[in-house]
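Data block for query.cif (mmCIF, C-alpha atoms, pLDDT in the B column; chains and numbers go by the auth columns):
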```cif
data_structure
loop_
_atom_site.group_PDB
_atom_site.id
_atom_site.type_symbol
_atom_site.label_atom_id
_atom_site.label_comp_id
_atom_site.label_asym_id
_atom_site.label_seq_id
_atom_site.Cartn_x
_atom_site.Cartn_y
_atom_site.Cartn_z
_atom_site.B_iso_or_equiv
_atom_site.auth_seq_id
_atom_site.auth_asym_id
ATOM 1 C CA MET A 1 46.023 51.481 130.322 92.00 1 A
ATOM 2 C CA ARG A 2 48.943 51.062 127.920 96.00 2 A
ATOM 3 C CA ALA A 3 50.230 53.479 125.297 97.00 3 A
ATOM 4 C CA VAL A 4 52.458 53.369 122.227 97.00 4 A
ATOM 5 C CA VAL A 5 54.530 56.499 121.614 95.00 5 A
ATOM 6 C CA LEU A 6 55.960 56.962 118.119 93.00 6 A
ATOM 7 C CA VAL A 7 59.525 58.235 118.475 86.00 7 A
ATOM 8 C CA GLY A 8 61.324 56.565 115.566 64.00 8 A
ATOM 9 C CA GLY A 9 61.479 59.435 113.073 56.00 9 A
ATOM 10 C CA PHE A 10 64.605 61.156 111.770 51.00 10 A
ATOM 11 C CA GLY A 11 63.588 64.681 112.876 50.00 11 A
ATOM 12 C CA THR A 12 64.680 66.204 109.575 58.00 12 A
ATOM 13 C CA ARG A 13 62.855 69.503 110.147 63.00 13 A
ATOM 14 C CA LEU A 14 64.958 70.213 113.243 55.00 14 A
ATOM 15 C CA ARG A 15 68.405 69.502 111.800 55.00 15 A
ATOM 16 C CA PRO A 16 71.159 70.140 112.805 62.00 16 A
ATOM 17 C CA LEU A 17 69.740 69.774 116.345 55.00 17 A
ATOM 18 C CA THR A 18 68.677 66.220 115.513 53.00 18 A
ATOM 19 C CA ASN A 19 71.802 65.069 113.706 58.00 19 A
ATOM 20 C CA HIS A 20 72.863 63.150 116.812 64.00 20 A
ATOM 21 C CA ILE A 21 69.888 63.440 119.193 69.00 21 A
ATOM 22 C CA PRO A 22 66.412 62.090 118.395 72.00 22 A
ATOM 23 C CA LYS A 23 63.817 64.866 118.329 77.00 23 A
ATOM 24 C CA PRO A 24 61.812 63.629 121.354 82.00 24 A
ATOM 25 C CA MET A 25 65.014 63.662 123.447 81.00 25 A
ATOM 26 C CA LEU A 26 65.598 67.387 122.835 80.00 26 A
ATOM 27 C CA PRO A 27 65.171 69.457 126.020 80.00 27 A
ATOM 28 C CA ILE A 28 62.185 71.729 126.571 80.00 28 A
ATOM 29 C CA GLY A 29 62.773 73.809 129.701 82.00 29 A
ATOM 30 C CA HIS A 30 65.729 71.570 130.628 83.00 30 A
ATOM 31 C CA ARG A 31 63.655 68.359 130.462 84.00 31 A
ATOM 32 C CA PRO A 32 63.526 65.985 127.478 86.00 32 A
ATOM 33 C CA MET A 33 60.361 66.347 125.429 87.00 33 A
ATOM 34 C CA ILE A 34 59.637 62.629 125.835 91.00 34 A
ATOM 35 C CA GLU A 35 59.718 62.936 129.642 92.00 35 A
ATOM 36 C CA ARG A 36 57.046 65.632 129.560 90.00 36 A
ATOM 37 C CA LEU A 37 54.902 63.519 127.219 93.00 37 A
ATOM 38 C CA VAL A 38 55.174 60.339 129.293 94.00 38 A
ATOM 39 C CA ASN A 39 54.361 62.209 132.501 93.00 39 A
ATOM 40 C CA ARG A 40 51.247 63.651 130.849 94.00 40 A
ATOM 41 C CA LEU A 41 50.159 60.177 129.747 95.00 41 A
ATOM 42 C CA GLY A 42 50.707 58.955 133.292 95.00 42 A
ATOM 43 C CA ARG A 43 48.451 61.675 134.678 93.00 43 A
ATOM 44 C CA GLY A 44 45.771 60.457 132.255 93.00 44 A
ATOM 45 C CA GLY A 45 45.850 56.902 133.553 94.00 45 A
ATOM 46 C CA VAL A 46 48.571 55.300 131.403 95.00 46 A
ATOM 47 C CA THR A 47 50.717 52.874 133.417 95.00 47 A
ATOM 48 C CA GLU A 48 52.997 51.522 130.643 96.00 48 A
ATOM 49 C CA VAL A 49 54.424 53.215 127.560 96.00 49 A
ATOM 50 C CA VAL A 50 55.867 51.263 124.661 96.00 50 A
ATOM 51 C CA LEU A 51 58.399 53.432 122.820 93.00 51 A
ATOM 52 C CA ALA A 52 58.261 52.655 119.087 92.00 52 A
ATOM 53 C CA LEU A 53 61.921 53.288 118.274 88.00 53 A
ATOM 54 C CA GLY A 54 63.827 53.519 115.021 80.00 54 A
ATOM 55 C CA PHE A 55 66.395 56.303 114.532 75.00 55 A
ATOM 56 C CA LYS A 56 69.011 56.260 117.326 77.00 56 A
ATOM 57 C CA PRO A 57 67.216 54.214 120.001 79.00 57 A
ATOM 58 C CA GLU A 58 70.235 54.243 122.333 83.00 58 A
ATOM 59 C CA PRO A 59 69.693 57.735 123.838 81.00 59 A
ATOM 60 C CA PHE A 60 66.208 56.723 125.031 82.00 60 A
ATOM 61 C CA MET A 61 67.514 53.613 126.756 84.00 61 A
ATOM 62 C CA ALA A 62 70.396 55.555 128.316 83.00 62 A
ATOM 63 C CA ALA A 63 68.037 58.233 129.646 82.00 63 A
ATOM 64 C CA PHE A 64 65.780 55.680 131.375 86.00 64 A
ATOM 65 C CA PRO A 65 68.136 52.841 132.373 85.00 65 A
ATOM 66 C CA ASP A 66 65.716 51.350 134.900 86.00 66 A
ATOM 67 C CA GLY A 67 62.876 51.180 132.368 89.00 67 A
ATOM 68 C CA ARG A 68 60.771 53.794 134.127 89.00 68 A
ATOM 69 C CA CYS A 69 59.862 57.435 133.638 87.00 69 A
ATOM 70 C CA GLY A 70 58.349 58.635 136.889 85.00 70 A
ATOM 71 C CA ASP A 71 55.524 56.254 137.754 89.00 71 A
ATOM 72 C CA VAL A 72 55.234 54.917 134.184 93.00 72 A
ATOM 73 C CA LYS A 73 56.872 51.687 133.045 95.00 73 A
ATOM 74 C CA LEU A 74 58.778 51.904 129.745 93.00 74 A
ATOM 75 C CA THR A 75 59.316 49.120 127.238 92.00 75 A
ATOM 76 C CA TYR A 76 61.119 49.365 123.916 93.00 76 A
ATOM 77 C CA ALA A 77 60.295 48.134 120.412 93.00 77 A
ATOM 78 C CA VAL A 78 63.046 48.870 117.875 91.00 78 A
ATOM 79 C CA GLU A 79 61.793 48.498 114.306 88.00 79 A
ATOM 80 C CA PRO A 80 64.240 46.714 111.982 88.00 80 A
ATOM 81 C CA ALA A 81 63.625 49.216 109.166 87.00 81 A
ATOM 82 C CA PRO A 82 61.534 52.414 108.812 88.00 82 A
ATOM 83 C CA LEU A 83 57.884 51.329 108.743 92.00 83 A
ATOM 84 C CA ASP A 84 56.094 54.728 108.748 93.00 84 A
ATOM 85 C CA THR A 85 53.482 55.587 111.358 94.00 85 A
ATOM 86 C CA GLY A 86 51.096 52.671 110.878 96.00 86 A
ATOM 87 C CA GLY A 87 53.784 50.054 110.378 95.00 87 A
ATOM 88 C CA ALA A 88 55.725 51.262 113.428 94.00 88 A
ATOM 89 C CA LEU A 89 52.568 51.212 115.533 95.00 89 A
ATOM 90 C CA LYS A 90 51.696 47.664 114.449 96.00 90 A
ATOM 91 C CA PHE A 91 55.251 46.453 115.080 94.00 91 A
ATOM 92 C CA ALA A 92 55.410 47.987 118.567 95.00 92 A
ATOM 93 C CA ALA A 93 51.953 46.727 119.551 96.00 93 A
ATOM 94 C CA ASN A 94 52.848 43.209 118.401 95.00 94 A
ATOM 95 C CA GLU A 95 56.164 43.292 120.257 92.00 95 A
ATOM 96 C CA ALA A 96 54.422 44.399 123.456 94.00 96 A
ATOM 97 C CA GLY A 97 51.474 42.023 123.104 94.00 97 A
ATOM 98 C CA ILE A 98 48.849 44.774 123.270 95.00 98 A
ATOM 99 C CA ASP A 99 45.377 43.222 123.254 93.00 99 A
ATOM 100 C CA GLY A 100 43.122 45.877 124.808 95.00 100 A
ATOM 101 C CA THR A 101 42.126 49.510 124.342 97.00 101 A
ATOM 102 C CA PHE A 102 45.291 51.615 124.153 97.00 102 A
ATOM 103 C CA VAL A 103 46.556 55.147 123.589 97.00 103 A
ATOM 104 C CA VAL A 104 48.865 56.261 120.778 97.00 104 A
ATOM 105 C CA ALA A 105 50.851 59.506 120.832 96.00 105 A
ATOM 106 C CA ASN A 106 53.258 61.178 118.457 93.00 106 A
ATOM 107 C CA GLY A 107 56.499 61.816 120.295 90.00 107 A
ATOM 108 C CA ASP A 108 56.937 65.396 119.063 88.00 108 A
ATOM 109 C CA VAL A 109 53.662 66.931 120.283 90.00 109 A
ATOM 110 C CA LEU A 110 53.467 69.267 123.277 90.00 110 A
ATOM 111 C CA THR A 111 49.960 69.640 124.681 93.00 111 A
ATOM 112 C CA ASP A 112 47.936 70.016 127.868 92.00 112 A
ATOM 113 C CA LEU A 113 45.373 67.457 126.676 95.00 113 A
ATOM 114 C CA ASP A 114 43.717 65.419 129.441 95.00 114 A
ATOM 115 C CA VAL A 115 44.240 61.902 128.106 96.00 115 A
ATOM 116 C CA GLY A 116 41.718 60.534 130.584 96.00 116 A
ATOM 117 C CA GLU A 117 39.007 62.700 128.989 96.00 117 A
ATOM 118 C CA LEU A 118 39.998 61.445 125.522 97.00 118 A
ATOM 119 C CA VAL A 119 39.667 57.838 126.698 97.00 119 A
ATOM 120 C CA ALA A 120 36.288 58.620 128.266 96.00 120 A
ATOM 121 C CA ALA A 121 35.032 60.146 124.997 96.00 121 A
ATOM 122 C CA HIS A 122 36.224 57.076 123.100 97.00 122 A
ATOM 123 C CA ARG A 123 34.307 54.754 125.399 97.00 123 A
ATOM 124 C CA ARG A 124 31.228 56.971 125.398 95.00 124 A
ATOM 125 C CA HIS A 125 31.021 56.732 121.590 95.00 125 A
ATOM 126 C CA GLU A 126 31.874 53.011 121.568 95.00 126 A
ATOM 127 C CA ALA A 127 34.366 53.975 118.866 96.00 127 A
ATOM 128 C CA GLN A 128 36.977 51.837 117.175 97.00 128 A
ATOM 129 C CA ALA A 129 39.332 54.831 117.099 98.00 129 A
ATOM 130 C CA THR A 130 39.153 58.345 118.544 98.00 130 A
ATOM 131 C CA LEU A 131 41.435 61.223 117.562 97.00 131 A
ATOM 132 C CA HIS A 132 42.285 64.304 119.570 97.00 132 A
ATOM 133 C CA LEU A 133 41.445 67.288 117.361 97.00 133 A
ATOM 134 C CA THR A 134 42.471 70.910 117.566 95.00 134 A
ATOM 135 C CA GLY A 135 41.772 73.939 115.386 92.00 135 A
ATOM 136 C CA VAL A 136 44.610 75.741 113.591 90.00 136 A
ATOM 137 C CA GLU A 137 44.871 78.725 111.243 88.00 137 A
ATOM 138 C CA ASP A 138 46.519 76.774 108.397 87.00 138 A
ATOM 139 C CA PRO A 139 45.342 73.147 108.466 89.00 139 A
ATOM 140 C CA SER A 140 46.842 72.220 105.077 85.00 140 A
ATOM 141 C CA ALA A 141 50.075 70.965 106.687 85.00 141 A
ATOM 142 C CA PHE A 142 48.227 68.364 108.762 87.00 142 A
ATOM 143 C CA GLY A 143 45.603 65.641 108.607 90.00 143 A
ATOM 144 C CA VAL A 144 42.273 67.487 108.417 93.00 144 A
ATOM 145 C CA VAL A 145 38.868 66.143 109.405 94.00 145 A
ATOM 146 C CA ALA A 146 35.219 66.886 108.800 93.00 146 A
ATOM 147 C CA LEU A 147 33.286 66.291 112.005 92.00 147 A
ATOM 148 C CA GLY A 148 29.691 65.095 111.825 91.00 148 A
ATOM 149 C CA GLU A 149 26.935 64.635 114.381 87.00 149 A
ATOM 150 C CA GLY A 150 27.814 62.893 117.608 90.00 150 A
ATOM 151 C CA GLY A 151 31.534 63.364 117.075 94.00 151 A
ATOM 152 C CA ARG A 152 31.820 60.938 114.150 95.00 152 A
ATOM 153 C CA ILE A 153 34.511 61.872 111.621 96.00 153 A
ATOM 154 C CA THR A 154 33.016 61.884 108.121 96.00 154 A
ATOM 155 C CA ASP A 155 36.184 62.747 106.176 93.00 155 A
ATOM 156 C CA PHE A 156 39.929 62.572 106.817 93.00 156 A
ATOM 157 C CA VAL A 157 42.363 64.172 104.361 91.00 157 A
ATOM 158 C CA GLU A 158 46.108 64.104 104.961 90.00 158 A
ATOM 159 C CA LYS A 159 47.819 67.393 104.020 88.00 159 A
ATOM 160 C CA PRO A 160 45.165 68.681 101.589 89.00 160 A
ATOM 161 C CA ALA A 161 45.947 71.436 99.093 86.00 161 A
ATOM 162 C CA SER A 162 45.538 74.860 100.655 85.00 162 A
ATOM 163 C CA GLY A 163 41.967 76.061 100.281 83.00 163 A
ATOM 164 C CA THR A 164 40.477 72.560 99.923 85.00 164 A
ATOM 165 C CA GLU A 165 40.443 71.637 103.624 84.00 165 A
ATOM 166 C CA PRO A 166 37.073 70.342 104.889 86.00 166 A
ATOM 167 C CA SER A 167 37.528 72.296 108.175 89.00 167 A
ATOM 168 C CA ASN A 168 40.228 73.822 110.375 89.00 168 A
ATOM 169 C CA LEU A 169 40.186 70.808 112.736 95.00 169 A
ATOM 170 C CA ILE A 170 43.328 68.710 112.509 94.00 170 A
ATOM 171 C CA ASN A 171 44.615 65.411 113.830 95.00 171 A
ATOM 172 C CA ALA A 172 46.521 66.547 116.925 95.00 172 A
ATOM 173 C CA GLY A 173 48.603 63.381 117.282 94.00 173 A
ATOM 174 C CA THR A 174 47.027 61.572 120.243 97.00 174 A
ATOM 175 C CA TYR A 175 44.591 58.695 119.668 96.00 175 A
ATOM 176 C CA VAL A 176 42.699 55.991 121.503 98.00 176 A
ATOM 177 C CA LEU A 177 42.449 52.739 119.547 98.00 177 A
ATOM 178 C CA GLU A 178 40.835 49.370 119.910 98.00 178 A
ATOM 179 C CA PRO A 179 43.163 46.450 119.120 97.00 179 A
ATOM 180 C CA SER A 180 40.971 45.617 116.098 97.00 180 A
ATOM 181 C CA VAL A 181 42.512 48.663 114.351 97.00 181 A
ATOM 182 C CA LEU A 182 45.769 46.703 114.201 97.00 182 A
ATOM 183 C CA ASP A 183 44.040 44.154 111.938 96.00 183 A
ATOM 184 C CA LEU A 184 43.805 46.880 109.278 97.00 184 A
ATOM 185 C CA ILE A 185 47.611 47.288 109.178 96.00 185 A
ATOM 186 C CA PRO A 186 49.763 44.639 107.447 94.00 186 A
ATOM 187 C CA ASP A 187 52.682 43.186 109.400 91.00 187 A
ATOM 188 C CA ASN A 188 56.207 44.450 108.668 88.00 188 A
ATOM 189 C CA GLU A 189 55.189 46.833 105.867 91.00 189 A
ATOM 190 C CA ARG A 190 55.546 50.588 105.449 94.00 190 A
ATOM 191 C CA VAL A 191 52.069 51.916 106.166 95.00 191 A
ATOM 192 C CA SER A 192 50.892 55.448 106.900 95.00 192 A
ATOM 193 C CA ILE A 193 48.111 55.321 109.469 95.00 193 A
ATOM 194 C CA GLU A 194 47.023 58.769 108.284 94.00 194 A
ATOM 195 C CA ARG A 195 46.806 57.944 104.571 93.00 195 A
ATOM 196 C CA SER A 196 45.751 54.290 104.740 95.00 196 A
ATOM 197 C CA THR A 197 44.148 53.326 108.046 96.00 197 A
ATOM 198 C CA PHE A 198 42.137 56.367 109.096 96.00 198 A
ATOM 199 C CA PRO A 199 40.276 56.559 105.739 95.00 199 A
ATOM 200 C CA LEU A 200 39.261 52.901 106.172 96.00 200 A
ATOM 201 C CA LEU A 201 37.865 53.709 109.613 97.00 201 A
ATOM 202 C CA VAL A 202 35.969 56.709 108.199 96.00 202 A
ATOM 203 C CA GLU A 203 34.440 54.478 105.529 95.00 203 A
ATOM 204 C CA ALA A 204 33.327 52.033 108.226 95.00 204 A
ATOM 205 C CA GLY A 205 31.862 54.869 110.340 95.00 205 A
ATOM 206 C CA ARG A 206 34.047 53.921 113.311 96.00 206 A
ATOM 207 C CA LEU A 207 36.389 56.936 113.558 97.00 207 A
ATOM 208 C CA TYR A 208 35.470 59.651 116.079 97.00 208 A
ATOM 209 C CA GLY A 209 36.976 62.966 117.080 97.00 209 A
ATOM 210 C CA HIS A 210 37.368 64.780 120.398 96.00 210 A
ATOM 211 C CA ALA A 211 38.044 68.485 119.811 96.00 211 A
ATOM 212 C CA THR A 212 39.584 70.618 122.563 95.00 212 A
ATOM 213 C CA GLN A 213 41.143 74.051 122.938 92.00 213 A
ATOM 214 C CA ASP A 214 44.081 72.837 125.016 91.00 214 A
ATOM 215 C CA TYR A 215 47.581 74.194 124.530 91.00 215 A
ATOM 216 C CA TRP A 216 49.057 72.323 121.548 90.00 216 A
ATOM 217 C CA ILE A 217 52.121 72.624 119.358 84.00 217 A
ATOM 218 C CA ASP A 218 53.897 70.382 116.863 84.00 218 A
ATOM 219 C CA ALA A 219 57.544 70.670 117.955 77.00 219 A
ATOM 220 C CA GLY A 220 58.769 70.125 114.384 72.00 220 A
#
```
Represent the structure from my file as structure tokens, please.
Amino acid sequence: MRAVVLVGGFGTRLRPLTNHIPKPMLPIGHRPMIERLVNRLGRGGVTEVVLALGFKPEPFMAAFPDGRCGDVKLTYAVEPAPLDTGGALKFAANEAGIDGTFVVANGDVLTDLDVGELVAAHRRHEAQATLHLTGVEDPSAFGVVALGEGGRITDFVEKPASGTEPSNLINAGTYVLEPSVLDLIPDNERVSIERSTFPLLVEAGRLYGHATQDYWIDAG
């Protein structure tokens, strides 16, 4: 199983810590956040991670000079200009030649999620895309879903106005996608997967959710 990890953002919410160090390279308990994330993906069956890089790619390459993090192979895709979440994902997947079911993870999420269970849920539903979901007290700062029967997502709203959220279940930043999702994202364009791609999948009835109560925090 392969994975794309989105680590190209500027980390503006954590400045000045991120003025010179990309957010996923910041240490948590003396280990870079990205190392913890990649190790978790590896425990879930991921054998290769493609780092979708943008802002300051050099520290990632310096930290893993042999192209490995533990038992997981690392490859790098450096976007030529900021492409937002969907555009960065499409660019990295194209660069790596991804052509099968794959995992996507935001590089600033800390969680105990069992990625293997997320993949199993995706396959059980025969979904085109499956999102890890978690409940939070204030969902208005996130992508919020309405979950229907059988785990199908019936609505996805990115950062809704407070009080208008369809539930307290949010997009927790780890997905399983079929390569056909990439066909919904134009090449080399700024595209938000949350605002553009996920609503298309909802409309097609092919977006599913897997809600858990695992430890989860958005490091930003």
Check what the PyMOL selection byres ((chain A and resi 43-50) around 9) selects in the file above and give those residues as a ChimeraX atom specification.
-> /A:1-6,38-42,51-52,68,71-77,92-93,96,102-103,113-119
Using all atoms listed in the file, which of the listed residues (A:Trp216, A:Phe198, A:Phe64, A:Phe91) sits closest to Asp155 in chain A?
-> A:Phe198
Exactly which residues make up the result of the PyMOL selection byres ((chain A and resi 194) around 8) on this file, given as a PyMOL selection string?
-> chain A and resi 85-86+143+158+192-193+195-199
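The coordinates place CA of His210 in chain A at 5.0 Å from CA of His132 in chain A.
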Given the PyMOL selection byres ((chain A and resi 126-131) around 7), the residues it picks as a ChimeraX atom specification = /A:122-125,132-133,171,174-178,181,206-210
Could you turn the residues from that selection into a file that holds C-alpha atoms, as a JSON list (two decimals), keeping the file's coordinate frame?
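Output contents, as saved in result.json:
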```json
[["chain", "number", "residue", "atom", "x", "y", "z"],
["A", 122, "HIS", "CA", 36.22, 57.08, 123.10],
["A", 123, "ARG", "CA", 34.31, 54.75, 125.40],
["A", 124, "ARG", "CA", 31.23, 56.97, 125.40],
["A", 125, "HIS", "CA", 31.02, 56.73, 121.59],
["A", 132, "HIS", "CA", 42.28, 64.30, 119.57],
["A", 133, "LEU", "CA", 41.44, 67.29, 117.36],
["A", 171, "ASN", "CA", 44.62, 65.41, 113.83],
["A", 174, "THR", "CA", 47.03, 61.57, 120.24],
["A", 175, "TYR", "CA", 44.59, 58.70, 119.67],
["A", 176, "VAL", "CA", 42.70, 55.99, 121.50],
["A", 177, "LEU", "CA", 42.45, 52.74, 119.55],
["A", 178, "GLU", "CA", 40.84, 49.37, 119.91],
["A", 181, "VAL", "CA", 42.51, 48.66, 114.35],
["A", 206, "ARG", "CA", 34.05, 53.92, 113.31],
["A", 207, "LEU", "CA", 36.39, 56.94, 113.56],
["A", 208, "TYR", "CA", 35.47, 59.65, 116.08],
["A", 209, "GLY", "CA", 36.98, 62.97, 117.08],
["A", 210, "HIS", "CA", 37.37, 64.78, 120.40]]
```
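As for CA of Phe55 in chain A and CA of Ala105 in chain A, they are spaced 17.1 Å apart.
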Smallest atom-to-atom distance to Pro24 in chain A: which of A:Ile153, A:Leu89, A:Leu110, A:Ala172, using only C-alpha atoms?
->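 Among A:Ile153, A:Leu89, A:Leu110, A:Ala172, it is A:Leu110 that comes nearest to Pro24 in chain A.
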Using all atoms listed in the file, which residue out of A:Glu95, A:Lys56, A:Gly107, A:Leu184 lies closest to Leu201 in chain A?
->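 Of all the options, A:Leu184 lies closest to Leu201 in chain A.
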Find the spatial neighbours of Ala146 in chain A, counting all atoms listed in the file, within a cut-off of 9 Å - ignore same-chain residues fewer than 5 positions away - and output them as an MDAnalysis selection string.
-> chainID A and resid 152:157 165:169
Between CA of Leu147 in chain A and CA of Ala211 in chain A, what is the distance, to one decimal in Å?
->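 The value is 9.4 Å.
Take the candidates A:Thr111, A:Ser140, A:Asn94, A:Gln213 and check each one against Asp187 in chain A using all atoms listed in the file; the shortest distance goes to A:Asn94.
Among the candidate residues A:Pro27, A:Gly54, A:Gly163, A:Gly205, the one lying nearest to Glu79 in chain A is A:Gly54, with distances computed using all atoms listed in the file.
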Min atom-atom distance to Val109 in chain A from the set A:Val136, A:Ile34, A:Leu200, A:Leu182, counting all atoms listed in the file, belongs to A:Ile34
Please rebuild range 23-31 of chain A with all heavy atoms and give the result as a CSV table (one decimal), keeping the file's coordinate frame.
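This is the output file rebuild_16.csv:
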```csv
chain,number,residue,atom,x,y,z
A,23,LYS,N,64.6,63.7,118.0
A,23,LYS,CA,63.8,64.9,118.3
A,23,LYS,C,63.1,64.8,119.7
A,23,LYS,O,63.2,65.8,120.5
A,23,LYS,CB,62.8,65.1,117.2
A,23,LYS,CG,61.9,66.3,117.4
A,23,LYS,CD,61.1,66.6,116.2
A,23,LYS,CE,60.4,65.5,115.5
A,23,LYS,NZ,59.6,65.9,114.4
A,24,PRO,N,62.5,63.7,120.1
A,24,PRO,CA,61.8,63.6,121.4
A,24,PRO,C,62.7,63.7,122.6
A,24,PRO,O,62.3,63.9,123.7
A,24,PRO,CB,61.1,62.3,121.3
A,24,PRO,CG,60.9,62.0,119.9
A,24,PRO,CD,62.2,62.5,119.3
A,25,MET,N,64.1,63.5,122.3
A,25,MET,CA,65.0,63.7,123.4
A,25,MET,C,65.5,65.1,123.6
A,25,MET,O,66.3,65.4,124.5
A,25,MET,CB,66.2,62.7,123.2
A,25,MET,CG,65.9,61.2,123.5
A,25,MET,SD,65.4,60.9,125.2
A,25,MET,CE,66.8,61.5,126.1
A,26,LEU,N,65.2,66.0,122.7
A,26,LEU,CA,65.6,67.4,122.8
A,26,LEU,C,65.0,68.0,124.1
A,26,LEU,O,63.8,67.8,124.4
A,26,LEU,CB,65.2,68.2,121.6
A,26,LEU,CG,66.0,67.8,120.3
A,26,LEU,CD1,65.3,68.6,119.1
A,26,LEU,CD2,67.4,68.1,120.4
A,27,PRO,N,65.7,68.9,124.8
A,27,PRO,CA,65.2,69.5,126.0
A,27,PRO,C,64.2,70.6,125.8
A,27,PRO,O,64.4,71.5,124.9
A,27,PRO,CB,66.4,70.0,126.7
A,27,PRO,CG,67.4,70.2,125.6
A,27,PRO,CD,67.1,69.2,124.6
A,28,ILE,N,63.1,70.6,126.5
A,28,ILE,CA,62.2,71.7,126.6
A,28,ILE,C,62.2,72.2,128.0
A,28,ILE,O,61.7,71.4,128.9
A,28,ILE,CB,60.8,71.3,126.1
A,28,ILE,CG1,60.8,70.7,124.7
A,28,ILE,CG2,59.8,72.5,126.2
A,28,ILE,CD1,61.1,71.7,123.6
A,29,GLY,N,62.7,73.4,128.3
A,29,GLY,CA,62.8,73.8,129.7
A,29,GLY,C,63.6,72.9,130.5
A,29,GLY,O,63.3,72.5,131.7
A,30,HIS,N,64.7,72.4,130.0
A,30,HIS,CA,65.7,71.6,130.6
A,30,HIS,C,65.2,70.1,130.9
A,30,HIS,O,65.9,69.4,131.7
A,30,HIS,CB,66.2,72.2,131.9
A,30,HIS,CG,66.7,73.6,131.8
A,30,HIS,ND1,67.9,73.9,131.1
A,30,HIS,CD2,66.2,74.8,132.2
A,30,HIS,CE1,68.0,75.2,131.1
A,30,HIS,NE2,67.0,75.8,131.7
A,31,ARG,N,64.1,69.7,130.3
A,31,ARG,CA,63.7,68.4,130.5
A,31,ARG,C,63.4,67.8,129.1
A,31,ARG,O,62.8,68.5,128.2
A,31,ARG,CB,62.4,68.3,131.3
A,31,ARG,CG,62.6,68.7,132.8
A,31,ARG,CD,61.2,68.8,133.5
A,31,ARG,NE,60.5,67.6,133.4
A,31,ARG,CZ,59.2,67.5,133.7
A,31,ARG,NH1,58.5,68.6,133.9
A,31,ARG,NH2,58.5,66.3,133.6
```
